[in-house]
Amino acid sequence: MRRKTRQITVGNVLIGGDAPIAVQSMTTMYTRDVEKTVAQIRRLEEVGCELVRVAVPEEIDALALGEIKKRIGIPLIADIHYEPKLALMAVEQGVDCVRINPGNLRGGQESFSKVVAAVQQAGAAMRIGVNSGSIDALKSGAEMRKVSVQRLDDGTFVKSDPAEERRREREELSDRMVAKALEYCGWADDLGFTNYKVSLKSSNVLTAVAAYRKFAAACDVPLHLGITEAGTLVTGAVKSSIGFALLLADGIGDTIRVSLTAEPEEEIPVAYEILRSLELRSRGVTFVSCPSCGRVEIDVLKIANEVEKRLAKVQTPIQVAVMGCLVNGPGESRDADIGLSGGRGKGAIYKKGAFLRTVPEDEFLDAVLQEVANILPEHEAKLVYPGDGSLGPVSAGRTRKTGIAALNAAADAEEESGATTSKRGKPLAMLPQG
């Protein structure tokens, strides 16, 4: 069950209430560079981004917002820190939402009131952001916790528990974050302004989860979820997935952003995959593929990656499977809208449970994308399959027979040469390198 929140609007996107959980990202370009910023936002739109935030560190960046806004199709959010003047300029430029951390806004509550008045008059929205890294609980920085041993009067020794210390600190920090957020919400409510959402971010997953849960229990304000400074593609995706899953499974969350140290376009597929996994959104392709294991007899790694990449812009909810062994392959392929079950250099193509035909491995990409295009709307079909036969093979093949023969030949040659280095961690000789 979704948490019951009041509903707000950010541009033409509804947030909270019974609206779908919206997916957001943030650009990495200097906002003053209008052309590059617009180009990046359009790439984000193509893969399903529904709200976009841009940094506004200086006046020259604020003055670029109007032109950016005119050339994009999704709501524009201005990210403001320290200078209230930048927020007022952003509102004048026609942004749909202003993101402010009142805790670092010069002029404090007085400046906040001026920004709220401008936002309210313009019919825009606000995100009130509280970040664990910007409140005084972290003044001492991240110190290494050591186990300390103390001798009591009776001669016994007591050992400290670093894990318990961290738990207490998280508890205290999340309490302080929630108290600050509720205080800022009170400022807005006293001004008669309710078109706002709140975020309570931390790079520590458990701190963020605790703060969001406590805030959600205290009021009906919509929440934007984020695990800030989450990390690179793998680290950030894992941390965000864990944090979001814990909250979304409790019905908490109205918009999300997966923060990655990567191109922002890579954040959007991760966000949608989280939502699809919890059956909260159905947009786009649910992709099923084999893990790499010793049973695989085709170059499933290259084929699956290429198919998934070419389906990134599809918004129609479909399921596609690329399988590489005879154990799970046929069943998973039949369960998908379009499925490939490959082995020994050839594969069976399935459509909605029915076998269609067998194709050689060098035609896998063409065959799968052609069948996917056949079940998509015309505008998406053209993105997936150009229809000119130019796709070509994506792998040189990997049958068990030729693969093992190649490995044995390489091993024999190494043994004859007297080499004794380990093969552990080396790429398989059967796979084309580079």
# chains A, B, ... in the order shown; residues from 1 in each chain; ligands from 1

$ closest_atom_pairs --of "stretch 183-237 of chain A" --to "stretch 121-131 of chain A" --cutoff "6 Å" --atoms "only C-alpha atoms" --output "Markdown table"
| residue | atom | partner | partner_atom | distance |
| --- | --- | --- | --- | --- |
| A:Asn195 | CA | A:Ala125 | CA | 5.3 |
| A:Tyr196 | CA | A:Met126 | CA | 4.6 |
| A:Lys197 | CA | A:Arg127 | CA | 4.9 |
| A:Val198 | CA | A:Ile128 | CA | 4.8 |
| A:Ser199 | CA | A:Gly129 | CA | 4.9 |
| A:Leu200 | CA | A:Val130 | CA | 4.8 |
| A:Lys201 | CA | A:Asn131 | CA | 4.8 |
| A:Ser202 | CA | A:Asn131 | CA | 5.9 |

$ write_last_selection --atoms "N, CA and C atoms" --output "mmCIF file, in the first residue's frame"
data_model
loop_
_atom_site.group_PDB
_atom_site.id
_atom_site.type_symbol
_atom_site.label_atom_id
_atom_site.label_comp_id
_atom_site.auth_asym_id
_atom_site.auth_seq_id
_atom_site.Cartn_x
_atom_site.Cartn_y
_atom_site.Cartn_z
ATOM 1 N N ASN A 195 2.796 23.446 -1.952
ATOM 2 C CA ASN A 195 3.211 22.748 -3.176
ATOM 3 C C ASN A 195 4.701 22.396 -3.106
ATOM 4 N N TYR A 196 5.046 21.600 -2.109
ATOM 5 C CA TYR A 196 6.441 21.230 -1.930
ATOM 6 C C TYR A 196 6.557 19.757 -1.548
ATOM 7 N N LYS A 197 7.740 19.210 -1.813
ATOM 8 C CA LYS A 197 8.100 17.855 -1.393
ATOM 9 C C LYS A 197 9.380 17.948 -0.575
ATOM 10 N N VAL A 198 9.767 16.852 0.035
ATOM 11 C CA VAL A 198 10.917 16.839 0.942
ATOM 12 C C VAL A 198 11.828 15.676 0.590
ATOM 13 N N SER A 199 13.132 15.881 0.759
ATOM 14 C CA SER A 199 14.094 14.777 0.663
ATOM 15 C C SER A 199 14.958 14.788 1.916
ATOM 16 N N LEU A 200 15.342 13.602 2.387
ATOM 17 C CA LEU A 200 16.214 13.454 3.560
ATOM 18 C C LEU A 200 17.334 12.490 3.179
ATOM 19 N N LYS A 201 18.378 13.029 2.565
ATOM 20 C CA LYS A 201 19.387 12.181 1.945
ATOM 21 C C LYS A 201 20.594 11.957 2.837
ATOM 22 N N SER A 202 21.174 10.780 2.655
ATOM 23 C CA SER A 202 22.434 10.445 3.303
ATOM 24 C C SER A 202 23.162 9.455 2.411
#

$ closest_atom_pairs --of "stretch 201-314 of chain A" --to "stretch 367-387 of chain A" --cutoff "7 Å" --atoms "only C-alpha atoms" --output "tab-separated table"
residue	atom	partner	partner_atom	distance
A:Arg310	CA	A:Val384	CA	6.0
A:Leu311	CA	A:Val384	CA	6.2
A:Val314	CA	A:Glu380	CA	6.2

$ residues_around --residues "stretch 318-331 of chain A" --least-positions-apart "2" --cutoff "7 Å" --atoms "only C-alpha atoms" --output "list in words"
Gly284, Val285, Thr286, Phe287, Val288, Ser289, Cys290, Arg295, Val296, Glu297, Ile298, Val300, Ala304, Thr316, Ser333, Arg334, Asp335, Ala336, Asp337, Ile338, Gly339, Leu340, Ser341, Gly342 and Gly343 of chain A

$ write_last_selection --atoms "N, CA and C atoms" --output "PDB file, in the first residue's frame"
ATOM      1  N   GLY A 284       8.835   0.326 -20.135  1.00  0.00           N
ATOM      2  CA  GLY A 284      10.070  -0.166 -20.709  1.00  0.00           C
ATOM      3  C   GLY A 284      10.223  -1.670 -20.668  1.00  0.00           C
ATOM      4  N   VAL A 285      11.427  -2.101 -21.012  1.00  0.00           N
ATOM      5  CA  VAL A 285      11.716  -3.520 -21.214  1.00  0.00           C
ATOM      6  C   VAL A 285      12.165  -4.175 -19.917  1.00  0.00           C
ATOM      7  N   THR A 286      11.480  -5.255 -19.549  1.00  0.00           N
ATOM      8  CA  THR A 286      11.988  -6.138 -18.505  1.00  0.00           C
ATOM      9  C   THR A 286      12.899  -7.144 -19.186  1.00  0.00           C
ATOM     10  N   PHE A 287      14.187  -7.082 -18.853  1.00  0.00           N
ATOM     11  CA  PHE A 287      15.177  -7.860 -19.586  1.00  0.00           C
ATOM     12  C   PHE A 287      15.638  -9.035 -18.744  1.00  0.00           C
ATOM     13  N   VAL A 288      15.610 -10.230 -19.343  1.00  0.00           N
ATOM     14  CA  VAL A 288      16.034 -11.459 -18.678  1.00  0.00           C
ATOM     15  C   VAL A 288      17.196 -12.045 -19.470  1.00  0.00           C
ATOM     16  N   SER A 289      18.289 -12.370 -18.773  1.00  0.00           N
ATOM     17  CA  SER A 289      19.415 -12.993 -19.476  1.00  0.00           C
ATOM     18  C   SER A 289      20.162 -13.913 -18.531  1.00  0.00           C
ATOM     19  N   CYS A 290      20.917 -14.845 -19.129  1.00  0.00           N
ATOM     20  CA  CYS A 290      21.681 -15.835 -18.353  1.00  0.00           C
ATOM     21  C   CYS A 290      22.804 -15.172 -17.567  1.00  0.00           C
ATOM     22  N   ARG A 295      27.683 -23.729 -18.468  1.00  0.00           N
ATOM     23  CA  ARG A 295      26.743 -24.374 -19.391  1.00  0.00           C
ATOM     24  C   ARG A 295      26.514 -23.545 -20.654  1.00  0.00           C
ATOM     25  N   VAL A 296      26.868 -22.252 -20.593  1.00  0.00           N
ATOM     26  CA  VAL A 296      26.570 -21.354 -21.717  1.00  0.00           C
ATOM     27  C   VAL A 296      27.392 -21.740 -22.939  1.00  0.00           C
ATOM     28  N   GLU A 297      26.709 -21.846 -24.081  1.00  0.00           N
ATOM     29  CA  GLU A 297      27.386 -22.287 -25.302  1.00  0.00           C
ATOM     30  C   GLU A 297      27.257 -21.289 -26.443  1.00  0.00           C
ATOM     31  N   ILE A 298      26.867 -20.052 -26.114  1.00  0.00           N
ATOM     32  CA  ILE A 298      26.913 -18.958 -27.078  1.00  0.00           C
ATOM     33  C   ILE A 298      27.565 -17.776 -26.381  1.00  0.00           C
ATOM     34  N   VAL A 300      26.790 -15.183 -24.881  1.00  0.00           N
ATOM     35  CA  VAL A 300      25.599 -14.530 -24.343  1.00  0.00           C
ATOM     36  C   VAL A 300      25.912 -13.152 -23.770  1.00  0.00           C
ATOM     37  N   ALA A 304      23.569 -10.266 -25.120  1.00  0.00           N
ATOM     38  CA  ALA A 304      22.632  -9.672 -24.172  1.00  0.00           C
ATOM     39  C   ALA A 304      22.896  -8.188 -23.988  1.00  0.00           C
ATOM     40  N   THR A 316       7.322   1.036 -24.178  1.00  0.00           N
ATOM     41  CA  THR A 316       6.248   0.044 -24.092  1.00  0.00           C
ATOM     42  C   THR A 316       6.672  -1.082 -23.148  1.00  0.00           C
ATOM     43  N   SER A 333      12.627 -18.274 -22.178  1.00  0.00           N
ATOM     44  CA  SER A 333      12.344 -17.663 -23.472  1.00  0.00           C
ATOM     45  C   SER A 333      10.854 -17.729 -23.805  1.00  0.00           C
ATOM     46  N   ARG A 334      10.212 -18.845 -23.460  1.00  0.00           N
ATOM     47  CA  ARG A 334       8.771 -18.974 -23.712  1.00  0.00           C
ATOM     48  C   ARG A 334       7.963 -18.022 -22.830  1.00  0.00           C
ATOM     49  N   ASP A 335       8.475 -17.731 -21.640  1.00  0.00           N
ATOM     50  CA  ASP A 335       7.751 -16.847 -20.726  1.00  0.00           C
ATOM     51  C   ASP A 335       7.807 -15.391 -21.148  1.00  0.00           C
ATOM     52  N   ALA A 336       8.756 -15.041 -22.015  1.00  0.00           N
ATOM     53  CA  ALA A 336       8.933 -13.654 -22.432  1.00  0.00           C
ATOM     54  C   ALA A 336       8.046 -13.341 -23.646  1.00  0.00           C
ATOM     55  N   ASP A 337       7.877 -12.047 -23.899  1.00  0.00           N
ATOM     56  CA  ASP A 337       7.182 -11.643 -25.128  1.00  0.00           C
ATOM     57  C   ASP A 337       8.001 -12.052 -26.347  1.00  0.00           C
ATOM     58  N   ILE A 338       9.306 -11.792 -26.270  1.00  0.00           N
ATOM     59  CA  ILE A 338      10.235 -12.272 -27.294  1.00  0.00           C
ATOM     60  C   ILE A 338      11.401 -12.920 -26.570  1.00  0.00           C
ATOM     61  N   GLY A 339      11.758 -14.136 -26.962  1.00  0.00           N
ATOM     62  CA  GLY A 339      12.839 -14.837 -26.282  1.00  0.00           C
ATOM     63  C   GLY A 339      13.781 -15.522 -27.245  1.00  0.00           C
ATOM     64  N   LEU A 340      15.044 -15.590 -26.836  1.00  0.00           N
ATOM     65  CA  LEU A 340      16.067 -16.325 -27.581  1.00  0.00           C
ATOM     66  C   LEU A 340      16.653 -17.365 -26.661  1.00  0.00           C
ATOM     67  N   SER A 341      16.644 -18.625 -27.090  1.00  0.00           N
ATOM     68  CA  SER A 341      17.301 -19.695 -26.347  1.00  0.00           C
ATOM     69  C   SER A 341      18.372 -20.275 -27.247  1.00  0.00           C
ATOM     70  N   GLY A 342      19.652 -19.981 -26.914  1.00  0.00           N
ATOM     71  CA  GLY A 342      20.741 -20.369 -27.795  1.00  0.00           C
ATOM     72  C   GLY A 342      21.599 -21.474 -27.238  1.00  0.00           C
ATOM     73  N   GLY A 343      22.323 -22.141 -28.130  1.00  0.00           N
ATOM     74  CA  GLY A 343      23.262 -23.173 -27.740  1.00  0.00           C
ATOM     75  C   GLY A 343      23.962 -23.749 -28.943  1.00  0.00           C
TER      76      GLY A 343
END

$ closest_atom_pairs --of "stretch 59-149 of chain A" --to "stretch 22-29 of chain A" --cutoff "12 Å" --atoms "only C-alpha atoms" --output "Markdown table"
| residue | atom | partner | partner_atom | distance |
| --- | --- | --- | --- | --- |
| A:Asp61 | CA | A:Met29 | CA | 10.7 |
| A:Ile68 | CA | A:Thr27 | CA | 12.0 |
| A:Ile74 | CA | A:Gln24 | CA | 10.1 |
| A:Pro75 | CA | A:Gln24 | CA | 9.8 |
| A:Leu76 | CA | A:Met26 | CA | 9.8 |
| A:Ile77 | CA | A:Met26 | CA | 8.9 |
| A:Ala78 | CA | A:Met26 | CA | 9.9 |
| A:Asp79 | CA | A:Met26 | CA | 9.3 |
| A:Arg99 | CA | A:Met26 | CA | 11.8 |

$ atom_distance --atom1 "atom CA of A:Gly253" --atom2 "atom CA of A:His224"
6.1 Å

$ residues_around --residues "A:Ser203" --least-positions-apart "5" --cutoff "8 Å" --atoms "only C-alpha atoms" --output "PyMOL selection string"
chain A and resi 132+208+227-230

$ write_last_selection --atoms "C-alpha atoms" --output "CSV table (one decimal), in the first residue's frame"
chain,number,residue,atom,x,y,z
A,132,SER,CA,23.1,14.4,6.5
A,208,ALA,CA,18.5,7.6,5.0
A,227,ILE,CA,20.9,7.9,-1.4
A,228,THR,CA,23.3,10.7,-2.0
A,229,GLU,CA,26.9,10.2,-3.2
A,230,ALA,CA,26.0,6.6,-3.6
